[in-house]
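Asks: I am sharing start29.cif, which consists of mmCIF, C-alpha atoms and all ligand atoms:
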```cif
data_entry
#
loop_
_atom_site.label_atom_id
_atom_site.label_comp_id
_atom_site.auth_asym_id
_atom_site.auth_seq_id
_atom_site.Cartn_x
_atom_site.Cartn_y
_atom_site.Cartn_z
CA MET N 182 19.88 2.15 -37.62
CA GLN N 183 18.65 1.01 -34.22
CA LEU N 184 16.39 -1.59 -35.83
CA ALA N 185 19.30 -3.84 -36.72
CA GLY N 186 18.79 -7.24 -35.10
CA LYS N 187 15.37 -6.33 -33.68
CA LYS N 188 12.60 -8.92 -33.87
CA ILE N 189 9.35 -7.41 -35.05
CA VAL N 190 5.90 -9.00 -35.16
CA LEU N 191 3.87 -7.15 -37.78
CA ALA N 192 0.11 -7.62 -37.44
CA VAL N 193 -1.89 -6.57 -40.49
CA THR N 194 -5.61 -5.92 -40.05
CA GLY N 195 -8.43 -5.15 -42.47
CA SER N 196 -7.89 -1.79 -44.09
CA ILE N 197 -7.10 -0.72 -47.62
CA ALA N 198 -3.73 0.51 -46.31
CA ALA N 199 -2.78 -3.17 -45.94
CA TYR N 200 -1.63 -3.06 -49.58
CA LYS N 201 1.38 -1.07 -48.35
CA THR N 202 2.55 -3.72 -45.90
CA PRO N 203 4.83 -5.75 -48.24
CA GLN N 204 6.76 -2.50 -48.72
CA LEU N 205 6.75 -1.95 -44.94
CA VAL N 206 8.19 -5.44 -44.41
CA ARG N 207 10.90 -4.80 -47.02
CA LEU N 208 11.90 -1.54 -45.32
CA LEU N 209 12.03 -3.18 -41.87
CA ILE N 210 14.21 -5.98 -43.23
CA LYS N 211 16.41 -3.46 -45.03
CA ALA N 212 16.89 -1.73 -41.66
CA GLY N 213 18.18 -5.04 -40.28
CA ALA N 214 15.05 -6.28 -38.48
CA GLU N 215 13.67 -9.81 -38.52
CA VAL N 216 9.95 -9.77 -39.29
CA ARG N 217 7.14 -12.28 -38.66
CA VAL N 218 3.76 -11.38 -40.12
CA LEU N 219 0.28 -12.06 -38.80
CA VAL N 220 -2.90 -11.21 -40.67
CA THR N 221 -6.56 -11.09 -39.73
CA ASP N 222 -9.15 -12.62 -42.05
CA ALA N 223 -10.23 -9.15 -43.11
CA ALA N 224 -6.65 -8.21 -44.01
CA GLU N 225 -6.44 -11.05 -46.53
CA ALA N 226 -9.00 -9.26 -48.68
CA PHE N 227 -6.54 -6.37 -49.08
CA VAL N 228 -3.12 -8.02 -49.24
CA SER N 229 -1.99 -11.46 -50.26
CA PRO N 230 -0.39 -13.60 -47.51
CA LEU N 231 1.83 -15.04 -50.25
CA SER N 232 3.34 -11.61 -50.92
CA LEU N 233 3.94 -11.06 -47.20
CA ALA N 234 5.43 -14.55 -46.77
CA THR N 235 7.72 -13.96 -49.75
CA VAL N 236 9.08 -10.62 -48.56
CA SER N 237 9.35 -11.63 -44.89
CA LYS N 238 10.81 -15.06 -45.79
CA HIS N 239 8.60 -16.67 -43.15
CA PRO N 240 5.12 -18.20 -43.23
CA VAL N 241 2.32 -15.77 -42.54
CA LEU N 242 0.10 -16.80 -39.64
CA SER N 243 -3.59 -16.06 -39.41
CA ASN N 244 -5.23 -18.51 -37.04
CA ILE N 245 -4.55 -19.66 -33.52
CA ALA N 246 -4.72 -23.22 -34.88
CA ASP N 247 -3.72 -24.09 -38.47
CA GLY N 248 -4.92 -27.65 -39.08
CA ALA N 249 -3.35 -29.73 -36.33
CA ALA N 250 -0.68 -27.10 -35.54
CA TRP N 251 -1.11 -24.59 -32.77
CA ASN N 252 0.40 -21.16 -33.38
CA ASN N 253 1.82 -20.31 -30.01
CA HIS N 254 0.75 -16.70 -29.44
CA VAL N 255 2.57 -16.52 -26.10
CA GLU N 256 5.83 -17.58 -27.70
CA LEU N 257 5.42 -14.98 -30.47
CA GLY N 258 4.50 -12.28 -27.97
CA ARG N 259 7.65 -13.03 -26.00
CA TRP N 260 9.90 -13.49 -29.05
CA ALA N 261 9.27 -9.97 -30.32
CA ASP N 262 11.24 -6.85 -29.40
CA ALA N 263 8.32 -4.88 -30.78
CA MET N 264 4.82 -5.60 -32.04
CA LEU N 265 3.59 -3.36 -34.83
CA ILE N 266 -0.09 -3.34 -35.70
CA ALA N 267 -0.25 -1.69 -39.12
CA PRO N 268 -2.69 -0.89 -40.46
CA CYS N 269 -4.91 -1.01 -37.40
CA SER N 270 -8.55 -0.79 -38.48
CA ALA N 271 -11.26 0.86 -36.36
CA ASN N 272 -12.60 -2.60 -35.55
CA SER N 273 -9.23 -3.97 -34.43
CA LEU N 274 -8.60 -0.81 -32.42
CA ALA N 275 -11.87 -1.40 -30.57
CA LYS N 276 -10.78 -4.97 -29.84
CA LEU N 277 -7.40 -3.82 -28.49
CA ALA N 278 -9.10 -1.24 -26.31
CA ASN N 279 -11.44 -3.81 -24.82
CA GLY N 280 -9.21 -6.84 -24.52
CA LEU N 281 -11.13 -8.98 -27.03
CA CYS N 282 -9.36 -12.11 -28.13
CA ASP N 283 -11.13 -13.64 -31.12
CA ASN N 284 -8.18 -13.98 -33.49
CA LEU N 285 -4.42 -14.59 -33.49
CA VAL N 286 -3.55 -10.88 -33.73
CA CYS N 287 -5.48 -10.12 -30.53
CA ALA N 288 -4.01 -13.16 -28.76
CA VAL N 289 -0.45 -12.14 -29.62
CA TYR N 290 -1.20 -8.53 -28.63
CA LEU N 291 -2.51 -9.62 -25.24
CA SER N 292 0.52 -11.88 -24.75
CA ALA N 293 3.10 -9.32 -25.88
CA VAL N 294 5.57 -8.19 -23.23
CA CYS N 295 7.39 -5.89 -25.67
CA PRO N 296 6.53 -2.33 -26.71
CA VAL N 297 3.49 -2.25 -29.02
CA PHE N 298 3.07 0.23 -31.86
CA VAL N 299 -0.29 0.91 -33.44
CA ALA N 300 -0.61 2.62 -36.82
CA PRO N 301 -4.34 3.35 -37.26
CA ALA N 302 -5.91 3.58 -40.71
CA MET N 303 -9.51 4.47 -41.44
CA ASP N 304 -11.74 6.92 -43.19
CA GLU N 305 -11.95 10.44 -41.85
CA ASP N 306 -15.38 10.23 -40.27
CA MET N 307 -14.49 7.00 -38.51
CA TRP N 308 -11.24 8.57 -37.34
CA HIS N 309 -13.06 11.54 -35.80
CA HIS N 310 -15.80 9.43 -34.19
CA GLY N 311 -15.97 9.75 -30.42
CA SER N 312 -15.61 6.02 -29.87
CA THR N 313 -12.43 5.87 -31.97
CA LYS N 314 -10.96 8.77 -29.98
CA HIS N 315 -11.94 7.08 -26.76
CA ASN N 316 -10.40 3.75 -27.86
CA LEU N 317 -7.16 5.46 -28.86
CA GLU N 318 -6.87 7.19 -25.49
CA LYS N 319 -7.63 3.90 -23.80
CA ILE N 320 -4.90 1.93 -25.58
CA LYS N 321 -2.41 4.69 -24.73
CA THR N 322 -3.12 4.20 -21.06
CA TYR N 323 -2.03 0.57 -21.51
CA GLY N 324 1.38 1.84 -22.64
CA ASN N 325 0.87 1.34 -26.39
CA ASN N 326 2.56 3.76 -28.78
CA VAL N 327 0.26 5.28 -31.37
CA ILE N 328 1.88 6.27 -34.66
CA PRO N 329 0.09 9.43 -35.83
CA VAL N 330 -2.14 9.14 -38.90
CA ALA N 331 -1.41 11.18 -42.01
CA HIS N 332 -3.60 13.70 -43.78
CA GLY N 333 -4.37 13.09 -47.43
CA GLU N 334 -6.45 11.22 -49.95
CA LEU N 335 -8.57 8.44 -48.48
CA ALA N 336 -10.08 5.32 -50.01
CA SER N 337 -13.52 6.95 -49.95
CA GLY N 338 -12.25 9.66 -52.25
CA LEU N 339 -12.40 12.19 -49.43
CA VAL N 340 -9.34 14.12 -48.40
CA GLY N 341 -8.70 14.28 -44.67
CA ASP N 342 -7.20 12.61 -41.61
CA GLY N 343 -7.05 8.87 -41.09
CA ARG N 344 -4.49 7.65 -43.64
CA MET N 345 -2.00 5.19 -42.23
CA ALA N 346 1.43 6.77 -41.80
CA GLU N 347 3.67 5.97 -44.79
CA PRO N 348 5.85 2.83 -44.40
CA GLU N 349 8.99 5.03 -44.32
CA ASP N 350 7.51 7.08 -41.48
CA ILE N 351 6.51 3.98 -39.54
CA VAL N 352 10.05 2.58 -39.82
CA HIS N 353 11.44 5.95 -38.75
CA PHE N 354 9.08 6.03 -35.75
CA LEU N 355 10.25 2.61 -34.58
CA ASP N 356 13.87 3.44 -35.21
CA SER N 357 13.57 6.67 -33.20
CA PHE N 358 11.89 4.78 -30.41
CA PHE N 359 14.75 2.34 -30.17
CA SER N 360 17.34 5.08 -30.30
CA GLY N 361 15.40 7.16 -27.78
CA LYS N 362 15.49 10.16 -30.07
CA SER N 363 11.88 10.53 -31.07
CA ASN N 364 10.48 14.05 -31.24
CA ASN N 365 13.10 15.84 -29.14
CA LEU N 366 12.34 13.94 -26.01
CA PRO N 367 12.92 16.02 -22.86
CA LEU N 368 15.27 13.48 -21.27
CA ASN N 369 17.45 12.62 -24.27
CA GLY N 370 21.03 12.09 -23.09
CA VAL N 371 19.98 12.04 -19.43
CA ARG N 372 20.94 9.17 -17.13
CA ALA N 373 18.40 7.95 -14.61
CA LEU N 374 18.47 5.44 -11.81
CA VAL N 375 15.36 3.80 -10.36
CA THR N 376 15.06 1.38 -7.45
CA ALA N 377 11.88 -0.70 -7.32
CA GLY N 378 10.25 -3.71 -5.74
CA PRO N 379 10.74 -5.30 -2.35
CA THR N 380 13.93 -6.65 -0.83
CA TYR N 381 14.29 -10.08 0.72
CA GLU N 382 16.47 -10.43 3.80
CA ARG N 383 17.46 -14.05 4.30
CA ILE N 384 16.87 -15.69 7.67
CA ASP N 385 18.10 -19.14 6.62
CA PRO N 386 18.36 -20.91 3.22
CA VAL N 387 14.56 -21.20 2.88
CA ARG N 388 13.13 -18.15 4.69
CA PHE N 389 13.31 -14.41 4.37
CA ILE N 390 11.86 -11.15 5.65
CA GLY N 391 10.12 -9.30 2.82
CA ASN N 392 7.16 -7.06 2.08
CA PHE N 393 4.18 -6.87 -0.28
CA SER N 394 5.72 -4.51 -2.85
CA THR N 395 5.35 -5.81 -6.44
CA GLY N 396 7.56 -3.21 -8.13
CA LYS N 397 4.75 -2.06 -10.48
CA MET N 398 5.01 1.65 -9.61
CA GLY N 399 8.81 1.79 -9.85
CA VAL N 400 8.88 -0.13 -13.13
CA ALA N 401 6.22 2.20 -14.58
CA ILE N 402 8.43 5.17 -13.61
CA ALA N 403 11.50 3.55 -15.18
CA GLU N 404 9.54 2.96 -18.39
CA GLU N 405 8.23 6.52 -18.45
CA LEU N 406 11.72 7.95 -17.92
CA ALA N 407 12.92 5.76 -20.81
CA ASN N 408 9.94 6.81 -22.96
CA LYS N 409 11.02 10.40 -22.41
CA GLY N 410 14.51 9.54 -23.69
CA ALA N 411 16.51 8.79 -20.53
CA SER N 412 18.97 5.89 -20.31
CA VAL N 413 17.65 4.13 -17.26
CA THR N 414 19.30 1.73 -14.83
CA LEU N 415 16.54 -0.11 -13.01
CA ILE N 416 17.57 -1.87 -9.83
CA LEU N 417 14.77 -4.27 -9.12
CA GLY N 418 14.23 -6.42 -6.05
CA PRO N 419 12.50 -9.83 -6.37
CA SER N 420 9.54 -9.18 -8.69
CA GLN N 421 7.40 -11.03 -11.25
CA ILE N 422 7.28 -8.04 -13.56
CA LYS N 423 8.83 -8.44 -17.00
CA VAL N 424 10.86 -5.46 -18.10
CA SER N 425 11.61 -5.20 -21.80
CA HIS N 426 12.05 -1.53 -22.64
CA PRO N 427 15.08 -0.95 -24.87
CA GLY N 428 15.98 2.16 -22.85
CA ILE N 429 16.21 0.25 -19.55
CA ARG N 430 19.21 -1.66 -18.20
CA LEU N 431 17.87 -4.08 -15.62
CA VAL N 432 19.89 -5.04 -12.55
CA SER N 433 18.14 -7.70 -10.47
CA VAL N 434 18.95 -7.83 -6.78
CA GLU N 435 17.61 -9.63 -3.73
CA SER N 436 18.60 -7.91 -0.50
CA ALA N 437 18.79 -4.31 0.68
CA ASP N 438 22.54 -4.61 0.79
CA GLU N 439 22.74 -5.75 -2.85
CA MET N 440 20.38 -2.93 -3.80
CA PHE N 441 22.55 -0.42 -1.95
CA ASN N 442 25.70 -1.62 -3.74
CA ALA N 443 24.11 -1.67 -7.21
CA ALA N 444 22.53 1.76 -6.71
CA THR N 445 25.72 3.29 -5.32
CA ALA N 446 27.69 2.05 -8.34
CA ALA N 447 25.32 3.94 -10.66
CA TYR N 448 24.60 7.06 -8.60
CA GLU N 449 27.80 9.03 -9.25
CA THR N 450 27.05 9.38 -12.98
CA THR N 451 23.29 9.64 -12.72
CA ASP N 452 21.29 12.82 -13.33
CA ILE N 453 17.99 11.64 -11.86
CA ALA N 454 17.47 9.08 -9.10
CA VAL N 455 14.01 7.83 -8.16
CA LEU N 456 14.03 5.54 -5.15
CA ALA N 457 10.71 3.74 -5.28
CA ALA N 458 11.82 0.46 -3.70
CA ALA N 459 10.29 -0.78 -0.47
CA VAL N 460 13.65 -1.48 1.13
CA ALA N 461 13.67 -3.55 4.31
CA ASP N 462 14.84 -1.33 7.14
CA TYR N 463 16.37 -4.28 9.02
CA ARG N 464 17.95 -7.62 8.18
CA PRO N 465 18.76 -10.64 10.35
CA ASP N 466 22.05 -10.13 12.13
CA GLN N 467 23.24 -13.44 10.71
CA MET N 468 21.82 -15.80 8.14
CA ALA N 469 21.62 -19.32 9.56
CA PRO N 470 23.68 -21.60 7.30
CA GLU N 471 21.15 -24.46 7.68
CA LYS N 472 17.35 -24.44 7.91
CA ILE N 473 16.33 -23.39 11.42
CA LYS N 474 14.53 -26.33 13.04
CA LYS N 475 11.36 -25.89 15.05
CA ALA N 476 12.24 -25.92 18.76
CA GLY N 477 10.90 -23.77 21.63
CA ASP N 478 7.63 -21.77 21.74
CA THR N 479 9.34 -18.58 20.70
CA LEU N 480 12.16 -17.76 18.35
CA ASP N 481 14.23 -14.61 18.58
CA ILE N 482 15.88 -13.23 15.51
CA ARG N 483 18.13 -10.27 16.09
CA LEU N 484 17.79 -7.65 13.38
CA VAL N 485 20.32 -5.02 12.42
CA LYS N 486 19.69 -1.84 10.46
CA ASN N 487 20.20 -1.70 6.69
CA LYS N 488 21.91 1.26 5.06
CA ASP N 489 19.43 3.88 3.85
CA ILE N 490 20.02 4.40 0.13
CA LEU N 491 17.97 7.59 -0.16
CA ALA N 492 19.57 9.20 2.89
CA THR N 493 23.05 8.28 1.62
CA PHE N 494 22.33 9.74 -1.80
CA GLY N 495 20.87 12.87 -0.18
CA ARG N 496 24.15 13.48 1.62
CA GLN N 497 26.18 12.99 -1.59
CA LYS N 498 23.80 14.89 -3.88
CA LYS N 499 25.33 17.26 -6.44
CA ASP N 500 23.49 20.51 -7.26
CA SER N 501 22.51 19.25 -10.71
CA GLN N 502 21.12 15.91 -9.52
CA VAL N 503 17.40 15.40 -8.97
CA LEU N 504 16.65 13.02 -6.12
CA VAL N 505 13.15 11.66 -5.60
CA GLY N 506 11.98 9.47 -2.74
CA PHE N 507 8.78 7.72 -1.79
CA ALA N 508 7.01 7.68 1.52
CA LEU N 509 4.49 5.01 2.37
CA GLU N 510 2.54 6.03 5.41
CA THR N 511 -0.47 4.84 7.35
CA ASN N 512 -0.87 7.77 9.75
CA ASN N 513 0.14 11.47 9.98
CA GLU N 514 1.04 11.07 6.31
CA MET N 515 2.01 14.64 5.42
CA GLU N 516 4.02 15.24 8.55
CA HIS N 517 6.01 12.02 8.17
CA ALA N 518 6.58 12.53 4.44
CA VAL N 519 7.79 16.11 4.86
CA GLY N 520 10.07 14.88 7.64
CA LYS N 521 11.57 12.26 5.29
CA MET N 522 12.08 14.80 2.51
CA LYS N 523 14.07 17.05 4.86
CA ALA N 524 15.98 14.29 6.64
CA LYS N 525 16.99 12.59 3.38
CA ASN N 526 17.54 15.80 1.36
CA ALA N 527 15.18 14.75 -1.45
CA ASP N 528 13.90 17.22 -4.08
CA MET N 529 10.50 15.58 -4.18
CA ILE N 530 8.65 12.95 -2.18
CA VAL N 531 5.88 10.83 -3.62
CA LEU N 532 3.49 10.19 -0.78
CA ASN N 533 1.50 6.96 -0.92
CA SER N 534 -1.19 6.46 1.63
CA LEU N 535 -2.33 2.93 2.37
CA ASN N 536 -5.63 4.45 3.56
CA ASP N 537 -6.67 5.23 -0.04
CA LYS N 538 -8.74 2.55 -1.77
CA GLY N 539 -7.10 1.28 -4.98
CA ALA N 540 -3.69 2.65 -3.94
CA GLY N 541 -0.53 0.91 -2.81
CA PHE N 542 0.90 -2.59 -3.20
CA GLY N 543 -0.22 -4.81 -6.05
CA HIS N 544 -2.91 -2.53 -7.50
CA ASP N 545 -2.77 -1.35 -11.10
CA THR N 546 -3.90 2.06 -9.89
CA ASN N 547 -2.39 4.45 -7.40
CA LYS N 548 -3.23 7.71 -5.66
CA VAL N 549 -0.30 9.84 -4.60
CA THR N 550 0.55 13.34 -3.48
CA LEU N 551 3.76 14.96 -4.68
CA LEU N 552 5.55 17.04 -2.04
CA PHE N 553 8.14 19.68 -2.86
CA THR N 554 10.86 21.40 -0.84
CA ASP N 555 9.17 24.83 -1.08
CA GLY N 556 6.29 23.47 0.98
CA SER N 557 3.91 23.07 -1.98
CA ASN N 558 2.20 19.84 -2.93
CA LYS N 559 0.13 18.33 -5.74
CA ALA N 560 -2.55 15.75 -4.93
CA LEU N 561 -3.10 13.51 -7.97
CA PRO N 562 -6.35 11.59 -8.58
CA LEU N 563 -6.66 7.80 -8.39
CA GLN N 564 -5.43 6.64 -11.82
CA SER N 565 -3.44 3.91 -13.53
CA LYS N 566 0.13 3.51 -12.35
CA ASN N 567 1.25 4.45 -15.89
CA LEU N 568 -0.53 7.80 -15.64
CA VAL N 569 0.84 8.36 -12.14
CA ALA N 570 4.32 7.59 -13.53
CA GLU N 571 3.74 10.11 -16.32
CA ALA N 572 2.82 12.83 -13.82
CA ILE N 573 5.82 12.01 -11.60
CA VAL N 574 8.21 12.14 -14.55
CA ASP N 575 6.69 15.41 -15.84
CA ASN N 576 7.41 16.94 -12.44
CA ILE N 577 10.94 15.54 -12.46
CA VAL N 578 11.51 17.20 -15.85
CA GLN N 579 10.33 20.51 -14.35
CA LEU N 580 12.60 20.12 -11.30
CA ARG N 581 15.53 19.42 -13.61
CA ASP N 582 14.77 22.44 -15.78
CA ALA N 583 14.51 24.63 -12.65
CA LYS N 584 17.94 23.42 -11.45
CA LYS N 585 19.44 24.19 -14.85
CA THR N 586 18.24 27.80 -14.75
CA VAL N 587 19.58 28.53 -11.25
N1 LIG L 1 14.75 3.95 1.46
C1 LIG L 1 16.02 3.61 1.03
N2 LIG L 1 16.78 2.75 1.76
C2 LIG L 1 16.32 2.23 2.91
C3 LIG L 1 15.04 2.57 3.38
C4 LIG L 1 14.27 3.44 2.60
O1 LIG L 1 16.42 4.08 -0.04
N3 LIG L 1 17.10 1.39 3.58
C5 LIG L 1 13.97 4.90 0.66
C6 LIG L 1 12.74 4.29 0.01
O2 LIG L 1 13.04 3.74 -1.26
C7 LIG L 1 11.83 5.51 -0.08
C8 LIG L 1 12.21 6.34 1.14
O3 LIG L 1 13.50 5.90 1.50
O4 LIG L 1 12.13 6.29 -1.22
C9 LIG L 1 11.29 6.22 2.30
O5 LIG L 1 11.09 4.88 2.65
P1 LIG L 1 10.16 4.49 3.86
O6 LIG L 1 10.26 3.03 4.10
O7 LIG L 1 8.81 5.11 3.69
O8 LIG L 1 10.86 5.31 5.02
P2 LIG L 1 11.84 4.96 6.14
O9 LIG L 1 12.90 6.02 6.14
O10 LIG L 1 12.31 3.55 6.06
O11 LIG L 1 10.95 5.21 7.44
P3 LIG L 1 9.82 4.33 8.15
O12 LIG L 1 9.96 2.91 7.62
O13 LIG L 1 10.19 4.45 9.58
O14 LIG L 1 8.53 4.98 7.82
#
```
Let me see the structure of the file written as structure tokens.
Replies:
Amino acid sequence: MQLAGKKIVLAVTGSIAAYKTPQLVRLLIKAGAEVRVLVTDAAEAFVSPLSLATVSKHPVLSNIADGAAWNNHVELGRWADAMLIAPCSANSLAKLANGLCDNLVCAVYLSAVCPVFVAPAMDEDMWHHGSTKHNLEKIKTYGNNVIPVAHGELASGLVGDGRMAEPEDIVHFLDSFFSGKSNNLPLNGVRALVTAGPTYERIDPVRFIGNFSTGKMGVAIAEELANKGASVTLILGPSQIKVSHPGIRLVSVESADEMFNAATAAYETTDIAVLAAAVADYRPDQMAPEKIKKAGDTLDIRLVKNKDILATFGRQKKDSQVLVGFALETNNEMEHAVGKMKAKNADMIVLNSLNDKGAGFGHDTNKVTLLFTDGSNKALPLQSKNLVAEAIVDNIVQLRDAKKTV
């Protein structure tokens, strides 16, 4: 059981299926998880907080403030290894999709840095309504995992889709997620390496040469590889992004040299390497041991070249390995990117153009073109970095399959 020791926040919202949640809590605890329960006001009409407090062995929280006590939603969101919203009513789903924050469940959801699982429950007609479908698609684009509804008898007496998945199935879904074995994922058993973020090259103890990369795109790729079952080593330069996917081993580095060493240590045994980091091409020849004092009108800093991780890996590449690089260009994009693919022996280059609005550093969206060694390319639309990551990883899976059949 992969749930052993995992901390789960269970949020119960207003649906008849809430009556099943004490059983869900018992099963999670039986699997070794620690569970804290939140309820909405509407949920309390369907399940007693006393039952949930008794089975979870912790107080059940329902309001952001209880009397004079403040329930710290940020703390709960950070405490959890997973947040499970079950049952998730149509109303709560709409709130999640639109970022509303009028109760504790929404506040914890918005603060959660862990994977979030949503188990919808509603009557069939509500389930098939266009707005419900739209909201579901929307929350998926935020990286939430939707646990499929079941078909069967509904509270209305109708028989159809919309029943919350059974507690056993929900526990199984979570367990599979943590063991990376859900639904025959295409990258089960595969090892992947991702570099992301900027690098900082120290000039003196207080200054560095860096760049505007945030690491968002590379982290999204690492998460997508892990979602598809890969065991991922993410080598991340200085970045504010919180990484909490159970399938990712995070190695934090600062300089290009540290990134090179960490990546080289993992490359030999890796099946897929995606080098998304914005690595500094040069570093100061020497780091001044003390802060450089202001003196003349100009200051010369001699820079020396850093080792190129992608080019090094390209030279060492085994036939079975898939090697993907990025190219960030401002002019003659295609020509430069194709040149990099050849020079560095990559199987695919993700071309980012800084000329595209909404693309590049810091944005939540990106617009890229995927270039392949046979001369073909795929221009993707402007979309969230998660969707771009999905498309990149789908293409990596295809490249891997093609190598296997050769
Ligand atoms: N890269 C790397 N190690 C370096 C420099 C770049 O692994 N020292 C990788 C990047 O992670 C990216 C690809 O090489 O996948 C291309 O990076 P980019 O900066 O666009 O290309 P450069 O080769 O550095 O060329 P230039 O800066 O002249 O455009």
Asks: With distances taken over all atoms listed in the file, which of N:Leu417, N:Ala336, N:Ile210, N:Ala246 is nearest to ligand LIG 1 (chain L)?
Replies: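 For ligand LIG 1 (chain L), the nearest of the candidates is N:Leu417.
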Asks: What residues have an atom no more than 8 Å from (21.6, -7.4, 1.9) in the file's own frame, counting only C-alpha atoms, and can you write them as a PyMOL selection string?
Replies: chain N and resi 381-382+435-440+464+487
Asks: Check which residues fall inside 6 Å of ligand LIG 1 (chain L) when counting all atoms listed in the file, and print them as a ChimeraX atom specification.
Replies: /N:456-460,462,487-491,506-509
Asks: What's the 6 Å shell around N:Ala527, counting all atoms listed in the file, without same-chain residues fewer than 4 positions away, as a PyMOL selection string?
Replies: chain N and resi 504-505+522
Asks: Ranking N:Gly495, N:Gly213, N:Gly428, N:Pro240 by minimum distance to N:Leu184 and counting all atoms listed in the file, which one comes first?
Replies: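 Of N:Gly495, N:Gly213, N:Gly428, N:Pro240, the one nearest N:Leu184 is N:Gly213, counting all atoms listed in the file.
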Asks: Name all residues at most 10 Å from N:Lys472 (count only C-alpha atoms; drop same-chain ones fewer than 6 positions away) and give them as a PyMOL selection string.
Replies: chain N and resi 384-388
Asks: I need the residues from that last selection saved to file as a PDB file, keeping the file's coordinate frame (with C-alpha atoms), if you can.
Replies:
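The new file part_2.pdb reads:
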```pdb
ATOM      1  CA  ILE N 384      16.870 -15.690   7.670  1.00  0.00           C
ATOM      2  CA  ASP N 385      18.100 -19.140   6.620  1.00  0.00           C
ATOM      3  CA  PRO N 386      18.360 -20.910   3.220  1.00  0.00           C
ATOM      4  CA  VAL N 387      14.560 -21.200   2.880  1.00  0.00           C
ATOM      5  CA  ARG N 388      13.130 -18.150   4.690  1.00  0.00           C
TER       6      ARG N 388
END
```
Asks: Write out as a PDB file with C-alpha atoms, in the frame of the given file the residues lying within 8 Å of N:Asn408, counting all atoms listed in the file and excluding same-chain residues fewer than 2 positions away.
Replies:
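What follows is the written file part.pdb:
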```pdb
ATOM      1  CA  PHE N 358      11.890   4.780 -30.410  1.00  0.00           C
ATOM      2  CA  GLY N 361      15.400   7.160 -27.780  1.00  0.00           C
ATOM      3  CA  GLU N 404       9.540   2.960 -18.390  1.00  0.00           C
ATOM      4  CA  GLU N 405       8.230   6.520 -18.450  1.00  0.00           C
ATOM      5  CA  LEU N 406      11.720   7.950 -17.920  1.00  0.00           C
ATOM      6  CA  GLY N 410      14.510   9.540 -23.690  1.00  0.00           C
ATOM      7  CA  ALA N 411      16.510   8.790 -20.530  1.00  0.00           C
ATOM      8  CA  GLY N 428      15.980   2.160 -22.850  1.00  0.00           C
TER       9      GLY N 428
END
```
Asks: Just checking: using all atoms listed in the file, which residue out of N:Ala271, N:Phe359, N:Glu471, N:Ala226 ends up closest to N:His310?
Replies: N:Ala271
